[in-house]
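What's in coords.pdb: PDB, C-alpha atoms, pLDDT in the B column
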```
ATOM      1  CA  MET A  18      27.376  23.626   4.703  1.00 50.00           C
ATOM      2  CA  THR A  19      25.862  20.420   6.051  1.00 51.00           C
ATOM      3  CA  ASP A  20      24.324  17.891   3.702  1.00 53.00           C
ATOM      4  CA  MET A  21      20.940  17.106   5.280  1.00 51.00           C
ATOM      5  CA  LYS A  22      19.189  14.138   3.749  1.00 51.00           C
ATOM      6  CA  GLN A  23      15.568  13.274   4.288  1.00 47.00           C
ATOM      7  CA  PRO A  24      14.810   9.723   5.416  1.00 54.00           C
ATOM      8  CA  ALA A  25      14.084   7.384   2.504  1.00 58.00           C
ATOM      9  CA  THR A  26      10.482   6.930   3.636  1.00 51.00           C
ATOM     10  CA  GLU A  27       9.801  10.624   3.082  1.00 67.00           C
ATOM     11  CA  ASN A  28      10.148  10.172  -0.682  1.00 89.00           C
ATOM     12  CA  ARG A  29       7.881   7.133  -0.943  1.00 94.00           C
ATOM     13  CA  THR A  30       4.456   7.720  -2.463  1.00 96.00           C
ATOM     14  CA  ARG A  31       1.559   6.876  -0.170  1.00 97.00           C
ATOM     15  CA  LEU A  32      -1.843   5.727  -1.407  1.00 97.00           C
ATOM     16  CA  ARG A  33      -5.178   5.915   0.360  1.00 97.00           C
ATOM     17  CA  LEU A  34      -7.262   2.747   0.367  1.00 97.00           C
ATOM     18  CA  GLY A  35      -9.732   4.299  -2.068  1.00 96.00           C
ATOM     19  CA  GLU A  36      -6.917   4.711  -4.606  1.00 97.00           C
ATOM     20  CA  ILE A  37      -5.848   1.098  -4.076  1.00 98.00           C
ATOM     21  CA  GLU A  38      -9.421  -0.014  -4.728  1.00 97.00           C
ATOM     22  CA  ARG A  39      -9.460   2.118  -7.890  1.00 97.00           C
ATOM     23  CA  LEU A  40      -6.168   0.646  -9.155  1.00 97.00           C
ATOM     24  CA  ILE A  41      -7.368  -2.905  -8.517  1.00 97.00           C
ATOM     25  CA  ARG A  42     -10.637  -2.189 -10.343  1.00 97.00           C
ATOM     26  CA  LYS A  43      -9.049  -0.261 -13.246  1.00 97.00           C
ATOM     27  CA  ASN A  44      -6.330  -2.840 -13.890  1.00 95.00           C
ATOM     28  CA  ARG A  45      -8.650  -5.795 -13.151  1.00 95.00           C
ATOM     29  CA  LEU A  46      -6.049  -7.198 -10.743  1.00 94.00           C
ATOM     30  CA  ILE A  47      -8.632  -9.076  -8.667  1.00 94.00           C
ATOM     31  CA  VAL A  48     -12.283  -9.384  -9.639  1.00 94.00           C
ATOM     32  CA  PRO A  49     -14.282  -8.579  -7.642  1.00 95.00           C
ATOM     33  CA  VAL A  50     -12.227  -5.979  -5.777  1.00 96.00           C
ATOM     34  CA  PRO A  51     -11.446  -7.046  -2.185  1.00 96.00           C
ATOM     35  CA  SER A  52     -13.755  -5.475   0.382  1.00 97.00           C
ATOM     36  CA  ARG A  53     -12.651  -2.436   2.345  1.00 97.00           C
ATOM     37  CA  ARG A  54     -12.570  -4.677   5.457  1.00 97.00           C
ATOM     38  CA  ALA A  55     -10.194  -7.092   3.683  1.00 97.00           C
ATOM     39  CA  LEU A  56      -7.890  -4.191   2.736  1.00 97.00           C
ATOM     40  CA  LEU A  57      -8.023  -2.873   6.311  1.00 96.00           C
ATOM     41  CA  ASN A  58      -7.040  -6.326   7.591  1.00 96.00           C
ATOM     42  CA  MET A  59      -4.111  -6.402   5.151  1.00 96.00           C
ATOM     43  CA  CYS A  60      -2.902  -3.094   6.590  1.00 96.00           C
ATOM     44  CA  GLU A  61      -3.354  -4.250  10.196  1.00 95.00           C
ATOM     45  CA  GLU A  62      -1.588  -7.571   9.542  1.00 95.00           C
ATOM     46  CA  GLY A  63       1.352  -5.942   7.751  1.00 94.00           C
ATOM     47  CA  VAL A  64       0.638  -7.470   4.337  1.00 95.00           C
ATOM     48  CA  LEU A  65       0.684  -3.940   2.929  1.00 96.00           C
ATOM     49  CA  GLU A  66       3.383  -1.646   4.328  1.00 96.00           C
ATOM     50  CA  THR A  67       1.803   1.478   5.770  1.00 96.00           C
ATOM     51  CA  ALA A  68       2.954   4.876   6.957  1.00 94.00           C
ATOM     52  CA  GLY A  69       2.755   4.277  10.694  1.00 91.00           C
ATOM     53  CA  ASN A  70       1.192   1.502  12.726  1.00 91.00           C
ATOM     54  CA  ALA A  71      -2.306   2.933  12.785  1.00 92.00           C
ATOM     55  CA  PRO A  72      -4.600   4.875  10.497  1.00 93.00           C
ATOM     56  CA  THR A  73      -3.832   8.562  10.064  1.00 92.00           C
ATOM     57  CA  ARG A  74      -6.562  11.197  10.019  1.00 93.00           C
ATOM     58  CA  LEU A  75      -6.777  10.372   6.285  1.00 92.00           C
ATOM     59  CA  GLY A  76      -7.125   6.656   7.036  1.00 94.00           C
ATOM     60  CA  TRP A  77      -4.516   4.038   6.255  1.00 95.00           C
ATOM     61  CA  LEU A  78      -1.765   5.249   3.921  1.00 97.00           C
ATOM     62  CA  VAL A  79      -0.079   2.418   2.021  1.00 97.00           C
ATOM     63  CA  TYR A  80       3.302   2.820   0.360  1.00 97.00           C
ATOM     64  CA  GLU A  81       2.834   2.463  -3.393  1.00 97.00           C
ATOM     65  CA  ASP A  82       5.886   0.219  -3.832  1.00 97.00           C
ATOM     66  CA  SER A  83       4.499  -2.104  -1.149  1.00 97.00           C
ATOM     67  CA  PHE A  84       1.177  -2.321  -2.990  1.00 97.00           C
ATOM     68  CA  TRP A  85       2.834  -3.228  -6.307  1.00 96.00           C
ATOM     69  CA  ALA A  86       5.080  -5.783  -4.534  1.00 96.00           C
ATOM     70  CA  TRP A  87       1.907  -7.393  -3.151  1.00 96.00           C
ATOM     71  CA  VAL A  88       0.396  -7.454  -6.664  1.00 95.00           C
ATOM     72  CA  ARG A  89       3.509  -9.219  -7.965  1.00 95.00           C
ATOM     73  CA  SER A  90       3.343 -11.713  -5.085  1.00 94.00           C
ATOM     74  CA  ILE A  91      -0.235 -12.747  -5.913  1.00 90.00           C
ATOM     75  CA  ASP A  92       0.905 -13.352  -9.486  1.00 83.00           C
ATOM     76  CA  GLY A  93       3.428 -15.867  -8.171  1.00 83.00           C
ATOM     77  CA  GLY A  94       6.354 -13.460  -7.919  1.00 66.00           C
ATOM     78  CA  THR A  95       8.908 -13.644  -5.151  1.00 56.00           C
ATOM     79  CA  ASP A  96       8.270 -10.183  -3.628  1.00 50.00           C
ATOM     80  CA  GLU A  97       6.145 -10.113  -0.491  1.00 49.00           C
TER
END
```

Is it possible to give me this structure as structure tokens?
Amino acid sequence: MTDMKQPATENRTRLRLGEIERLIRKNRLIVPVPSRRALLNMCEEGVLETAGNAPTRLGWLVYEDSFWAWVRSIDGGTDE
């Protein structure tokens, strides 16, 4: 029997931009919450790691670990 492993990216949670906005608002990470355009620019510029190089039919999907690494980086952490 062959051991077939899924690529590591398959197991990474993806967040829609609306969920990112909600997390920023709920946790008061940045007040006021960045605009949707600012979040879109962060996806396009590679600040937030996304599933693919363009929006999906659900819009941009951001890897959750990438989002939290960005949060740590704005707090002066070393992750980017």

Residues picked by the PyMOL selection byres ((chain A and resi 68-74) around 12) here, as a ChimeraX atom specification? /A:26-34,57-58,60-63,65-67,75-81,83

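Checking A:Ser90, A:Glu36, A:Lys43, A:Asp82 one by one against Leu56 (chain A), counting only C-alpha atoms, you find the shortest gap at A:Glu36.
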
Could you give me the centre and size, in Å to one decimal, of an axis-aligned box around all listed atoms of region 27-40 of chain A with 5 Å added on every side, as lines of an AutoDock Vina configuration file?
```
center_x = 0.2
center_y = 5.3
center_z = -3.0
size_x = 29.9
size_y = 20.6
size_z = 22.2
```

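Going from CA of Gly93 (chain A) over to CA of Arg54 (chain A), you cover 23.8 Å.
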
Could you expand the PyMOL selection byres ((chain A and resi 46) around 12) into the explicit residues it covers here, written as a list of chain:residue names?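 The output of the PyMOL selection byres ((chain A and resi 46) around 12) on this file is A:Ile37, A:Glu38, A:Arg39, A:Leu40, A:Ile41, A:Arg42, A:Lys43, A:Asn44, A:Arg45, A:Ile47, A:Val48, A:Pro49, A:Val50, A:Pro51, A:Phe84, A:Trp85, A:Trp87, A:Val88, A:Arg89, A:Ser90, A:Ile91, A:Asp92.
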